[in-house]
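One structure below.
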Amino acid sequence: MSVHAGACQCGATRITADAAPLSISMCHCLLCQRRTGSSYSVHGYFARTCVTVEGTTKSYARKGDSGAFVTFDFCSDCGSTLFWEAEASPDRIGIPAGLFAHPDFPCPTVSIFVPYKHKWVTVPEGVPQNDGHGAAFAAAAAAAVARRSV
Ligand SMILES: [Zn+2]
Ligand SMILES: [Zn+2]
């Protein structure tokens, strides 16, 4: 069992995952660029059952390209993104890798929204690259939207 312990920049909120991430994305999408204020986001997806959150967060929900919602929780004091939940994958929680502030956090397993990648960014060798989320997520998002509109 691996324990990943993360915190926001002011320390008022903390997040812990007591298992390894199921996947790690390097996302170049424009909204990750805006959310992070950086050129891309690196984040792990962890099984919901292994994640513990401490402290007070605020939420912001938006529709993704797929039409499915994503809800972001951020520290209500300092604004660091602590985690998010995607309607398309309710069993998983996304956590920005930077919260763990640990150089041994593993390499991304996939690079997504590659057409929006800044020209100077290099994707680590061997990491698969997708134009969007990838087919599996797209199918899950379409199913989630269909369930909601029933
Ligand atoms: Zn904070
Ligand atoms: Zn993104």
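Residues in the structure tokens are named by chain (A, B, ... in the order shown) and by number from 1 within that chain; ligands are numbered from 1 in the order shown.
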| query | Hey, what's within 9 Å of range 78-91 of chain A if we count only C-alpha atoms and toss same-chain stuff fewer than 6 positions away? As an MDAnalysis selection string, please? | reply | chainID A and resid 6:15 35:36 46:49 53 57:59 68:72 99 137:145
Could you save the residues just selected, with C-alpha atoms, as an mmCIF file, in the first residue's frame?
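In the end it all went to selection.cif:
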```cif
data_model
loop_
_atom_site.group_PDB
_atom_site.id
_atom_site.type_symbol
_atom_site.label_atom_id
_atom_site.label_comp_id
_atom_site.auth_asym_id
_atom_site.auth_seq_id
_atom_site.Cartn_x
_atom_site.Cartn_y
_atom_site.Cartn_z
ATOM 1 C CA GLY A 6 -1.041 16.124 -0.350
ATOM 2 C CA ALA A 7 -1.833 19.645 0.823
ATOM 3 C CA CYS A 8 -2.870 22.985 -0.643
ATOM 4 C CA GLN A 9 -0.379 25.853 -0.660
ATOM 5 C CA CYS A 10 -1.622 27.328 2.667
ATOM 6 C CA GLY A 11 -1.991 23.954 4.425
ATOM 7 C CA ALA A 12 -5.638 24.481 5.484
ATOM 8 C CA THR A 13 -6.802 21.543 3.356
ATOM 9 C CA ARG A 14 -5.211 18.138 3.002
ATOM 10 C CA ILE A 15 -5.879 15.090 0.865
ATOM 11 C CA ARG A 35 -7.269 26.213 -13.883
ATOM 12 C CA THR A 36 -3.598 25.714 -13.120
ATOM 13 C CA PHE A 46 -7.460 7.419 -7.517
ATOM 14 C CA ALA A 47 -10.208 5.040 -6.416
ATOM 15 C CA ARG A 48 -12.727 7.131 -4.464
ATOM 16 C CA THR A 49 -12.668 4.644 -1.599
ATOM 17 C CA VAL A 53 -10.131 14.986 2.438
ATOM 18 C CA THR A 57 -13.299 23.413 0.247
ATOM 19 C CA LYS A 58 -15.404 25.368 -2.218
ATOM 20 C CA SER A 59 -16.763 23.752 -5.371
ATOM 21 C CA ALA A 68 -20.799 15.522 -18.631
ATOM 22 C CA PHE A 69 -20.094 17.608 -15.519
ATOM 23 C CA VAL A 70 -16.841 17.903 -13.647
ATOM 24 C CA THR A 71 -16.869 19.393 -10.136
ATOM 25 C CA PHE A 72 -13.646 20.912 -8.825
ATOM 26 C CA LEU A 99 -0.270 18.698 -4.201
ATOM 27 C CA PHE A 137 -13.665 8.154 -21.194
ATOM 28 C CA ALA A 138 -15.750 9.490 -24.098
ATOM 29 C CA ALA A 139 -17.998 6.424 -23.928
ATOM 30 C CA ALA A 140 -18.358 6.736 -20.135
ATOM 31 C CA ALA A 141 -19.187 10.454 -20.460
ATOM 32 C CA ALA A 142 -21.843 9.784 -23.116
ATOM 33 C CA ALA A 143 -23.387 7.118 -20.853
ATOM 34 C CA ALA A 144 -23.403 9.525 -17.883
ATOM 35 C CA VAL A 145 -25.140 12.249 -19.917
#
```
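Restricting the atom set to only C-alpha atoms and all ligand atoms, one finds that the residues within 6 Å of ligand 2 amount to Cys27, His28, Cys29, Leu31 and Cys32 of chain A.
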Could you write those residues out with C-alpha atoms, as a JSON list (two decimals), in the first residue's frame?
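What ended up in again-v1.json:
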```
[["chain", "number", "residue", "atom", "x", "y", "z"],
["A", 27, "CYS", "CA", -3.56, 17.15, -19.82],
["A", 28, "HIS", "CA", -2.94, 19.98, -22.27],
["A", 29, "CYS", "CA", -6.58, 21.15, -22.53],
["A", 31, "LEU", "CA", -9.34, 24.63, -19.20],
["A", 32, "CYS", "CA", -6.55, 22.79, -17.36]]
```
| task | Taking the DSSP assignment computed from this structure's backbone, write out as a PyMOL selection string all residues of chain A that belong to alpha helix (DSSP H). | result | chain A and resi 30-36+135-148
Kindly save the residues from that selection, with C-alpha atoms included, as a PDB file, in the first residue's frame.
```
ATOM      1  CA  LEU A  30      -7.264  24.880 -22.376  1.00  0.00           C
ATOM      2  CA  LEU A  31      -9.337  24.630 -19.199  1.00  0.00           C
ATOM      3  CA  CYS A  32      -6.548  22.787 -17.365  1.00  0.00           C
ATOM      4  CA  GLN A  33      -4.241  25.551 -18.552  1.00  0.00           C
ATOM      5  CA  ARG A  34      -6.621  28.158 -17.108  1.00  0.00           C
ATOM      6  CA  ARG A  35      -7.269  26.213 -13.883  1.00  0.00           C
ATOM      7  CA  THR A  36      -3.598  25.714 -13.120  1.00  0.00           C
ATOM      8  CA  ALA A 135     -12.344   6.492 -26.356  1.00  0.00           C
ATOM      9  CA  ALA A 136     -13.009   4.860 -22.966  1.00  0.00           C
ATOM     10  CA  PHE A 137     -13.665   8.154 -21.194  1.00  0.00           C
ATOM     11  CA  ALA A 138     -15.750   9.490 -24.098  1.00  0.00           C
ATOM     12  CA  ALA A 139     -17.998   6.424 -23.928  1.00  0.00           C
ATOM     13  CA  ALA A 140     -18.358   6.736 -20.135  1.00  0.00           C
ATOM     14  CA  ALA A 141     -19.187  10.454 -20.460  1.00  0.00           C
ATOM     15  CA  ALA A 142     -21.843   9.784 -23.116  1.00  0.00           C
ATOM     16  CA  ALA A 143     -23.387   7.118 -20.853  1.00  0.00           C
ATOM     17  CA  ALA A 144     -23.403   9.525 -17.883  1.00  0.00           C
ATOM     18  CA  VAL A 145     -25.140  12.249 -19.917  1.00  0.00           C
ATOM     19  CA  ALA A 146     -27.701   9.714 -21.169  1.00  0.00           C
ATOM     20  CA  ARG A 147     -28.433   8.570 -17.590  1.00  0.00           C
ATOM     21  CA  ARG A 148     -28.955  12.164 -16.455  1.00  0.00           C
TER      22      ARG A 148
END
```
| said: To one decimal place in Å, what is the distance between CA of Tyr40 in chain A and CA of Cys107 in chain A? | reply: 14.1 Å
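Counting only C-alpha atoms, Val121 in chain A has the following residues at most 10 Å away, ignoring those fewer than 2 positions along the same chain: A:His28, A:Ser39, A:Tyr40, A:Lys117, A:His118, A:Lys119, A:Val123, A:Pro124.
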Would you mind exporting C-alpha atoms of the selected residues as a compact mmCIF listing (two decimals), in the first residue's frame?
```
# COMPACT_ATOMS: atom_id res chain seq x y z
CA HIS A 28 -2.94 19.98 -22.27
CA SER A 39 1.00 25.07 -19.57
CA TYR A 40 -0.52 21.71 -18.67
CA LYS A 117 0.05 21.24 -26.15
CA HIS A 118 2.51 24.14 -25.94
CA LYS A 119 5.10 23.64 -28.66
CA VAL A 123 5.78 14.28 -23.52
CA PRO A 124 7.89 11.58 -21.80
```
| said: To one decimal place in Å, what is the distance between CA of Ser111 in chain A and CA of Ala19 in chain A? | reply: 21.9 Å
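Nearest residue to Gly134 in chain A, choosing from A:Ser38, A:Ser25, A:Ile112, A:Pro106 and counting only C-alpha atoms: A:Ile112.
For the residues A:Asp104, A:Asp18, A:Glu54, A:Asp77, ranking by smallest atom-to-atom distance to His4 in chain A using only C-alpha atoms places A:Asp18 first.
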| request: List every residue of range 46-131 of chain A that DSSP, applied to the backbone, labels as strand (DSSP E), and write the result as a ChimeraX atom specification. | output: /A:46-47,51-54,57-63,69-75,81-86,92-96,110-112
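If you count only C-alpha atoms and ignore residues fewer than 2 places along the chain from Glu125 in chain A, what sits within 12 Å of it is Cys107, Pro108, Thr109, Val110, Ser111, Thr122, Val123, Val127, Pro128 and Gln129 of chain A.
Going from CA of Arg92 in chain A over to CA of Asp131 in chain A, you cover 21.8 Å.
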